[in-house]
file entry26.txt (compact mmCIF, C-alpha atoms)
# COMPACT_ATOMS: atom_id res chain seq x y z
CA LEU F 1 96.26 38.82 73.68
CA SER F 2 96.08 39.05 77.45
CA THR F 3 97.84 42.43 77.43
CA ILE F 4 95.47 44.14 74.96
CA ALA F 5 93.56 46.96 76.66
CA PRO F 6 91.90 50.20 75.53
CA LEU F 7 94.02 53.36 75.65
CA PRO F 8 93.93 55.17 78.99
CA GLY F 9 91.13 57.78 78.99
CA SER F 10 89.33 56.35 75.94
CA LYS F 11 86.69 54.57 78.06
CA LYS F 12 84.67 56.57 80.55
CA GLN F 13 82.32 54.91 83.04
CA GLY F 14 78.75 56.16 83.06
CA ARG F 15 77.31 57.99 86.07
CA ARG F 16 75.71 55.63 88.60
CA VAL F 17 72.35 57.13 89.46
CA GLY F 18 70.19 56.66 92.55
CA ARG F 19 73.09 56.25 94.98
CA GLY F 20 72.32 58.94 97.56
CA ILE F 21 72.36 62.74 97.88
CA GLY F 22 76.16 63.09 97.76
CA SER F 23 76.44 61.47 94.33
CA SER F 24 74.76 64.46 92.57
CA LYS F 25 72.38 62.03 90.85
CA GLY F 26 70.53 60.60 93.85
CA LYS F 27 66.81 60.31 94.63
CA THR F 28 65.18 61.40 91.31
CA CYS F 29 68.35 60.55 89.31
CA GLY F 30 68.38 63.85 87.45
CA ARG F 31 64.87 63.36 86.03
CA GLY F 32 63.08 65.93 88.19
CA HIS F 33 59.70 65.46 89.87
CA LYS F 34 56.77 63.75 88.12
CA GLY F 35 55.70 64.08 84.49
CA THR F 36 56.46 62.13 81.34
CA GLY F 37 60.22 62.69 81.54
CA ALA F 38 60.36 61.18 85.04
CA ARG F 39 58.33 58.08 84.14
CA ARG F 40 59.15 56.98 80.62
CA LYS F 41 62.44 55.70 79.21
CA THR F 42 62.14 58.32 76.47
CA THR F 43 60.71 61.78 77.00
CA ASN F 44 59.01 61.77 73.59
CA PRO F 45 55.30 60.88 73.68
CA ARG F 46 53.90 58.33 71.25
CA GLN F 47 53.50 59.31 67.61
CA GLY F 48 50.32 61.32 67.06
CA PHE F 49 49.92 62.26 70.75
CA GLU F 50 48.77 65.88 71.11
CA GLY F 51 48.96 66.39 74.86
CA GLY F 52 45.57 64.90 75.69
CA GLN F 53 43.66 66.70 72.91
CA SER F 54 41.87 64.35 70.50
CA SER F 55 44.46 63.43 67.92
CA LEU F 56 44.07 64.27 64.24
CA SER F 57 43.67 60.61 63.29
CA ARG F 58 40.62 60.36 65.61
CA ARG F 59 39.09 63.72 64.62
CA ILE F 60 38.94 62.91 60.90
CA PRO F 61 36.17 60.51 59.81
CA LYS F 62 36.90 57.08 58.36
CA PHE F 63 36.33 56.60 54.63
CA GLY F 64 36.61 53.91 51.96
CA PHE F 65 37.38 50.25 52.37
CA SER F 66 39.86 47.60 51.23
CA ASN F 67 38.29 45.04 48.93
CA ILE F 68 39.19 41.57 50.21
CA ASN F 69 38.56 40.08 46.74
CA HIS F 70 41.01 42.41 44.98
CA LEU F 71 43.52 40.55 42.78
CA ASP F 72 46.83 42.35 42.47
CA HIS F 73 48.22 41.13 39.14
CA GLU F 74 51.84 41.66 38.11
CA THR F 75 51.89 43.96 35.10
CA LEU F 76 53.79 43.52 31.85
CA SER F 77 53.86 46.27 29.21
CA LEU F 78 54.07 45.61 25.48
CA ALA F 79 57.18 47.81 25.34
CA LYS F 80 59.01 45.58 27.85
CA LEU F 81 57.81 42.44 26.05
CA GLN F 82 59.02 43.79 22.67
CA TRP F 83 62.40 44.66 24.19
CA HIS F 84 62.86 41.11 25.50
CA VAL F 85 61.75 39.64 22.14
CA ASP F 86 64.32 41.83 20.34
CA ARG F 87 67.04 40.64 22.75
CA GLY F 88 66.09 37.02 22.08
CA ASP F 89 65.16 36.26 25.69
CA ILE F 90 61.99 34.48 24.65
CA ASP F 91 61.07 32.16 21.77
CA ILE F 92 58.14 33.60 19.81
CA SER F 93 57.70 30.55 17.56
CA LYS F 94 55.71 28.77 20.30
CA GLN F 95 53.01 29.92 22.70
CA ILE F 96 54.34 32.10 25.55
CA THR F 97 52.92 31.23 28.98
CA MET F 98 53.40 32.79 32.41
CA ARG F 99 55.95 30.03 33.15
CA ASP F 100 58.00 31.14 30.12
CA LEU F 101 57.90 34.75 31.34
CA VAL F 102 59.34 33.70 34.73
CA THR F 103 61.95 31.25 33.43
CA SER F 104 63.25 33.73 30.83
CA GLY F 105 63.66 36.41 33.53
CA ILE F 106 61.06 38.83 32.16
CA MET F 107 58.99 38.48 35.34
CA THR F 108 60.68 37.86 38.69
CA ARG F 109 57.66 36.34 40.44
CA VAL F 110 53.98 35.79 39.75
CA ARG F 111 51.65 35.61 42.76
CA VAL F 112 48.17 36.04 41.24
CA GLY F 113 48.78 36.28 37.51
CA VAL F 114 50.14 38.56 34.81
CA LYS F 115 48.20 41.45 33.26
CA LEU F 116 49.35 42.61 29.85
CA LEU F 117 49.21 46.40 29.42
CA ALA F 118 49.15 48.42 26.19
CA THR F 119 52.03 50.75 27.16
CA GLY F 120 54.29 50.92 24.10
CA LYS F 121 51.72 49.51 21.66
CA GLU F 122 52.91 51.91 18.93
CA TRP F 123 56.31 50.10 18.82
CA PHE F 124 55.00 46.56 19.24
CA GLN F 125 55.47 44.40 16.12
CA ALA F 126 56.19 40.82 17.25
CA PRO F 127 53.62 38.22 16.10
CA ILE F 128 53.35 36.35 19.41
CA ASN F 129 50.85 33.89 20.85
CA ILE F 130 50.66 34.57 24.59
CA GLU F 131 48.64 33.18 27.50
CA VAL F 132 48.20 35.50 30.50
CA ALA F 133 45.67 36.00 33.31
CA ARG F 134 44.40 39.34 32.01
CA ALA F 135 45.06 41.68 29.09
CA SER F 136 43.89 45.22 28.46
CA LYS F 137 41.77 45.98 25.40
CA GLY F 138 44.56 48.04 23.79
CA ALA F 139 47.12 45.28 24.36
CA LYS F 140 44.87 42.69 22.69
CA GLU F 141 44.31 44.95 19.70
CA ALA F 142 48.04 45.67 19.30
CA ILE F 143 49.00 41.97 19.43
CA GLU F 144 46.27 40.97 16.98
CA LYS F 145 47.32 43.82 14.67
CA ALA F 146 50.89 42.43 14.71
CA GLY F 147 49.56 39.00 13.69
CA GLY F 148 49.52 37.30 17.10
CA SER F 149 46.88 36.17 19.56
CA VAL F 150 46.11 36.60 23.27
CA LYS F 151 44.55 33.92 25.45
CA GLU F 152 43.28 34.86 28.92
CA ALA F 153 43.53 31.88 31.28
CA TYR F 154 42.37 31.76 34.90
CA TYR F 155 44.61 30.00 37.41
CA GLY F 156 43.78 29.57 41.09
CA LYS F 157 46.52 30.12 43.67
CA LEU F 158 47.65 26.50 43.80
CA SER F 159 47.23 25.75 40.10
CA LEU F 160 49.28 28.87 39.25
CA ARG F 161 52.12 27.71 41.52
CA GLU F 162 51.97 24.30 39.85
CA HIS F 163 51.96 25.95 36.40
CA ILE F 164 55.06 28.06 37.16
CA THR F 165 57.06 25.41 39.07
CA PRO F 166 55.80 21.99 37.89
CA SER F 167 58.88 20.23 39.33
CA ASN F 168 57.50 20.82 42.87
CA TYR F 169 54.34 18.82 42.09
CA PRO F 170 54.76 15.12 41.19
CA LEU F 171 51.18 14.78 39.91
CA PRO F 172 49.45 17.36 37.72
CA LEU F 173 46.73 19.33 39.52
CA LYS F 174 43.26 19.95 38.17
CA ARG F 175 42.88 23.60 37.22
CA SER F 176 40.31 25.41 39.32
CA ALA F 177 37.28 26.99 37.66
CA PRO F 178 37.12 30.79 37.62
CA PRO F 179 34.86 32.50 40.14
CA PRO F 180 31.44 33.61 38.84
CA ARG F 181 32.39 37.27 38.63
CA LEU F 182 35.06 36.68 35.93
call {"tool": "encode", "arguments": {"input": "entry26.txt", "output": "structure tokens"}}
result
Amino acid sequence: LSTIAPLPGSKKQGRRVGRGIGSSKGKTCGRGHKGTGARRKTTNPRQGFEGGQSSLSRRIPKFGFSNINHLDHETLSLAKLQWHVDRGDIDISKQITMRDLVTSGIMTRVRVGVKLLATGKEWFQAPINIEVARASKGAKEAIEKAGGSVKEAYYGKLSLREHITPSNYPLPLKRSAPPPRL
């Protein structure tokens, strides 16, 4: 191991800059006099910089807002639900909850809740009883037409975590009441 070395000529030492006039890279080190290229590590200006002119992002007015109360539900289509029912991933003889959707692998994770969408309602025919956070009007109609029922249940952040992974909570938590706007 002590004799291992790179092949001769495969490693080239970099030029040492700032070592006097005779070194060919002395004084300004090949960067020239003044300006961005002489001062910064990279010669590229920051993203959006237009040479001192007001940048586009500052010329265009602000618009809209982000609603801090927005709930971003995970979506589940009736087509996907029917496909998993046909495969036998989920037992339709009992009520299907959000915990069942996660444990059966239909949903990977549920942060706020599950919203049932009517995509694929023309193929849906399973008579299921399901409990989700939200359901669209078309999805409710399709499930009721197939002989099932939909229950919309509100879960707060903590009570939803307890609902999905009850083994992490030794004592059952009291479910929080829905906010007044629901």
call {"tool": "closest_atom_pairs", "arguments": {"input": "entry26.txt", "of": "range 58-89 of chain F", "to": "range 101-118 of chain F", "cutoff": "10 Å", "atoms": "all atoms listed in the file", "output": "tab-separated table"}}
result
residue	atom	partner	partner_atom	distance
F:Leu71	CA	F:Val112	CA	6.7
F:Asp72	CA	F:Val112	CA	6.6
F:His73	CA	F:Gly113	CA	5.1
F:Glu74	CA	F:Val114	CA	4.8
F:Thr75	CA	F:Lys115	CA	4.8
F:Leu76	CA	F:Leu116	CA	5.0
F:Ser77	CA	F:Leu117	CA	4.7
F:Leu78	CA	F:Ala118	CA	5.7
F:Ala79	CA	F:Ala118	CA	8.1
F:Lys80	CA	F:Ile106	CA	8.3
F:Leu81	CA	F:Ile106	CA	7.8
F:Trp83	CA	F:Ile106	CA	10.0
F:His84	CA	F:Ile106	CA	7.3
F:Gly88	CA	F:Ser104	CA	9.8
F:Asp89	CA	F:Ser104	CA	6.0
call {"tool": "atom_distance", "arguments": {"input": "entry26.txt", "atom1": "CA of Ala146 in chain F", "atom2": "CA of Pro127 in chain F"}}
result
5.2 Å
call {"tool": "closest_residue", "arguments": {"input": "entry26.txt", "among": "F:Lys62, F:Ser23, F:Tyr155, F:Phe124", "to": "Thr97 in chain F", "atoms": "all atoms listed in the file"}}
result
F:Tyr155
call {"tool": "atom_distance", "arguments": {"input": "entry26.txt", "atom1": "CA of Thr119 in chain F", "atom2": "CA of Ile92 in chain F"}}
result
19.6 Å
call {"tool": "closest_residue", "arguments": {"input": "entry26.txt", "among": "F:Gly22, F:Gly156, F:Gly48, F:Gly120", "to": "Pro178 in chain F", "atoms": "all atoms listed in the file"}}
result
F:Gly156
call {"tool": "closest_residue", "arguments": {"input": "entry26.txt", "among": "F:Met98, F:Ile68, F:Ala5, F:Cys29", "to": "His163 in chain F", "atoms": "only C-alpha atoms"}}
result
F:Met98
call {"tool": "closest_residue", "arguments": {"input": "entry26.txt", "among": "F:Tyr154, F:Ala142, F:Val132, F:Pro166", "to": "Arg181 in chain F", "atoms": "only C-alpha atoms"}}
result
F:Tyr154
call {"tool": "build_atoms", "arguments": {"input": "entry26.txt", "residues": "range 114-125 of chain F", "atoms": "all heavy atoms", "output": "PDB file, in the coordinates of the input"}}
result
ATOM      1  N   VAL F 114      49.500  37.479  35.540  1.00  0.00           N
ATOM      2  CA  VAL F 114      50.140  38.560  34.810  1.00  0.00           C
ATOM      3  C   VAL F 114      49.082  39.293  34.007  1.00  0.00           C
ATOM      4  O   VAL F 114      48.250  38.674  33.339  1.00  0.00           O
ATOM      5  CB  VAL F 114      51.230  38.008  33.852  1.00  0.00           C
ATOM      6  CG1 VAL F 114      51.831  39.123  33.021  1.00  0.00           C
ATOM      7  CG2 VAL F 114      52.306  37.295  34.635  1.00  0.00           C
ATOM      8  N   LYS F 115      49.097  40.628  34.089  1.00  0.00           N
ATOM      9  CA  LYS F 115      48.200  41.450  33.260  1.00  0.00           C
ATOM     10  C   LYS F 115      49.043  42.158  32.217  1.00  0.00           C
ATOM     11  O   LYS F 115      50.029  42.815  32.536  1.00  0.00           O
ATOM     12  CB  LYS F 115      47.433  42.464  34.105  1.00  0.00           C
ATOM     13  CG  LYS F 115      46.490  43.283  33.235  1.00  0.00           C
ATOM     14  CD  LYS F 115      45.499  44.095  34.020  1.00  0.00           C
ATOM     15  CE  LYS F 115      44.552  44.809  33.030  1.00  0.00           C
ATOM     16  NZ  LYS F 115      43.530  45.564  33.721  1.00  0.00           N
ATOM     17  N   LEU F 116      48.656  42.004  30.976  1.00  0.00           N
ATOM     18  CA  LEU F 116      49.350  42.610  29.850  1.00  0.00           C
ATOM     19  C   LEU F 116      48.768  44.005  29.612  1.00  0.00           C
ATOM     20  O   LEU F 116      47.553  44.153  29.456  1.00  0.00           O
ATOM     21  CB  LEU F 116      49.142  41.729  28.618  1.00  0.00           C
ATOM     22  CG  LEU F 116      50.147  41.812  27.497  1.00  0.00           C
ATOM     23  CD1 LEU F 116      51.547  41.518  28.008  1.00  0.00           C
ATOM     24  CD2 LEU F 116      49.778  40.847  26.398  1.00  0.00           C
ATOM     25  N   LEU F 117      49.645  45.021  29.606  1.00  0.00           N
ATOM     26  CA  LEU F 117      49.210  46.400  29.420  1.00  0.00           C
ATOM     27  C   LEU F 117      49.645  46.931  28.061  1.00  0.00           C
ATOM     28  O   LEU F 117      50.639  46.469  27.502  1.00  0.00           O
ATOM     29  CB  LEU F 117      49.775  47.301  30.527  1.00  0.00           C
ATOM     30  CG  LEU F 117      49.377  46.942  31.954  1.00  0.00           C
ATOM     31  CD1 LEU F 117      50.038  47.892  32.931  1.00  0.00           C
ATOM     32  CD2 LEU F 117      47.872  46.974  32.126  1.00  0.00           C
ATOM     33  N   ALA F 118      48.919  47.915  27.547  1.00  0.00           N
ATOM     34  CA  ALA F 118      49.150  48.420  26.190  1.00  0.00           C
ATOM     35  C   ALA F 118      50.235  49.492  26.114  1.00  0.00           C
ATOM     36  O   ALA F 118      50.423  50.081  25.057  1.00  0.00           O
ATOM     37  CB  ALA F 118      47.846  48.977  25.636  1.00  0.00           C
ATOM     38  N   THR F 119      50.975  49.741  27.187  1.00  0.00           N
ATOM     39  CA  THR F 119      52.030  50.750  27.160  1.00  0.00           C
ATOM     40  C   THR F 119      53.085  50.357  26.134  1.00  0.00           C
ATOM     41  O   THR F 119      53.657  49.278  26.219  1.00  0.00           O
ATOM     42  CB  THR F 119      52.695  50.881  28.550  1.00  0.00           C
ATOM     43  OG1 THR F 119      51.676  51.043  29.531  1.00  0.00           O
ATOM     44  CG2 THR F 119      53.646  52.052  28.602  1.00  0.00           C
ATOM     45  N   GLY F 120      53.321  51.207  25.161  1.00  0.00           N
ATOM     46  CA  GLY F 120      54.290  50.920  24.100  1.00  0.00           C
ATOM     47  C   GLY F 120      53.690  50.191  22.917  1.00  0.00           C
ATOM     48  O   GLY F 120      54.412  49.579  22.131  1.00  0.00           O
ATOM     49  N   LYS F 121      52.362  50.259  22.762  1.00  0.00           N
ATOM     50  CA  LYS F 121      51.720  49.510  21.660  1.00  0.00           C
ATOM     51  C   LYS F 121      52.102  50.057  20.291  1.00  0.00           C
ATOM     52  O   LYS F 121      52.064  49.330  19.308  1.00  0.00           O
ATOM     53  CB  LYS F 121      50.203  49.516  21.831  1.00  0.00           C
ATOM     54  CG  LYS F 121      49.539  50.868  21.733  1.00  0.00           C
ATOM     55  CD  LYS F 121      48.057  50.758  21.914  1.00  0.00           C
ATOM     56  CE  LYS F 121      47.407  52.146  21.888  1.00  0.00           C
ATOM     57  NZ  LYS F 121      45.988  52.062  22.161  1.00  0.00           N
ATOM     58  N   GLU F 122      52.523  51.333  20.220  1.00  0.00           N
ATOM     59  CA  GLU F 122      52.910  51.910  18.930  1.00  0.00           C
ATOM     60  C   GLU F 122      54.211  51.312  18.387  1.00  0.00           C
ATOM     61  O   GLU F 122      54.461  51.370  17.193  1.00  0.00           O
ATOM     62  CB  GLU F 122      53.009  53.444  19.020  1.00  0.00           C
ATOM     63  CG  GLU F 122      53.906  53.978  20.106  1.00  0.00           C
ATOM     64  CD  GLU F 122      53.220  54.146  21.457  1.00  0.00           C
ATOM     65  OE1 GLU F 122      52.054  53.779  21.620  1.00  0.00           O
ATOM     66  OE2 GLU F 122      53.897  54.644  22.375  1.00  0.00           O
ATOM     67  N   TRP F 123      55.056  50.725  19.262  1.00  0.00           N
ATOM     68  CA  TRP F 123      56.310  50.100  18.820  1.00  0.00           C
ATOM     69  C   TRP F 123      56.202  48.600  18.712  1.00  0.00           C
ATOM     70  O   TRP F 123      57.129  47.948  18.250  1.00  0.00           O
ATOM     71  CB  TRP F 123      57.453  50.441  19.789  1.00  0.00           C
ATOM     72  CG  TRP F 123      57.624  51.895  20.008  1.00  0.00           C
ATOM     73  CD1 TRP F 123      58.002  52.833  19.096  1.00  0.00           C
ATOM     74  CD2 TRP F 123      57.418  52.592  21.230  1.00  0.00           C
ATOM     75  NE1 TRP F 123      58.032  54.079  19.672  1.00  0.00           N
ATOM     76  CE2 TRP F 123      57.679  53.960  20.992  1.00  0.00           C
ATOM     77  CE3 TRP F 123      57.040  52.216  22.512  1.00  0.00           C
ATOM     78  CZ2 TRP F 123      57.588  54.933  21.970  1.00  0.00           C
ATOM     79  CZ3 TRP F 123      56.943  53.184  23.484  1.00  0.00           C
ATOM     80  CH2 TRP F 123      57.212  54.523  23.210  1.00  0.00           C
ATOM     81  N   PHE F 124      55.107  48.023  19.182  1.00  0.00           N
ATOM     82  CA  PHE F 124      55.000  46.560  19.240  1.00  0.00           C
ATOM     83  C   PHE F 124      54.766  45.992  17.852  1.00  0.00           C
ATOM     84  O   PHE F 124      53.853  46.414  17.144  1.00  0.00           O
ATOM     85  CB  PHE F 124      53.869  46.137  20.184  1.00  0.00           C
ATOM     86  CG  PHE F 124      53.881  44.673  20.479  1.00  0.00           C
ATOM     87  CD1 PHE F 124      54.780  44.154  21.384  1.00  0.00           C
ATOM     88  CD2 PHE F 124      53.021  43.804  19.822  1.00  0.00           C
ATOM     89  CE1 PHE F 124      54.811  42.797  21.650  1.00  0.00           C
ATOM     90  CE2 PHE F 124      53.049  42.461  20.080  1.00  0.00           C
ATOM     91  CZ  PHE F 124      53.942  41.954  21.001  1.00  0.00           C
ATOM     92  N   GLN F 125      55.607  44.995  17.449  1.00  0.00           N
ATOM     93  CA  GLN F 125      55.470  44.400  16.120  1.00  0.00           C
ATOM     94  C   GLN F 125      55.732  42.909  16.080  1.00  0.00           C
ATOM     95  O   GLN F 125      55.768  42.325  15.007  1.00  0.00           O
ATOM     96  CB  GLN F 125      56.409  45.119  15.144  1.00  0.00           C
ATOM     97  CG  GLN F 125      57.851  45.124  15.601  1.00  0.00           C
ATOM     98  CD  GLN F 125      58.663  46.207  14.935  1.00  0.00           C
ATOM     99  OE1 GLN F 125      58.107  47.096  14.301  1.00  0.00           O
ATOM    100  NE2 GLN F 125      59.968  46.135  15.061  1.00  0.00           N
TER     101      GLN F 125
END
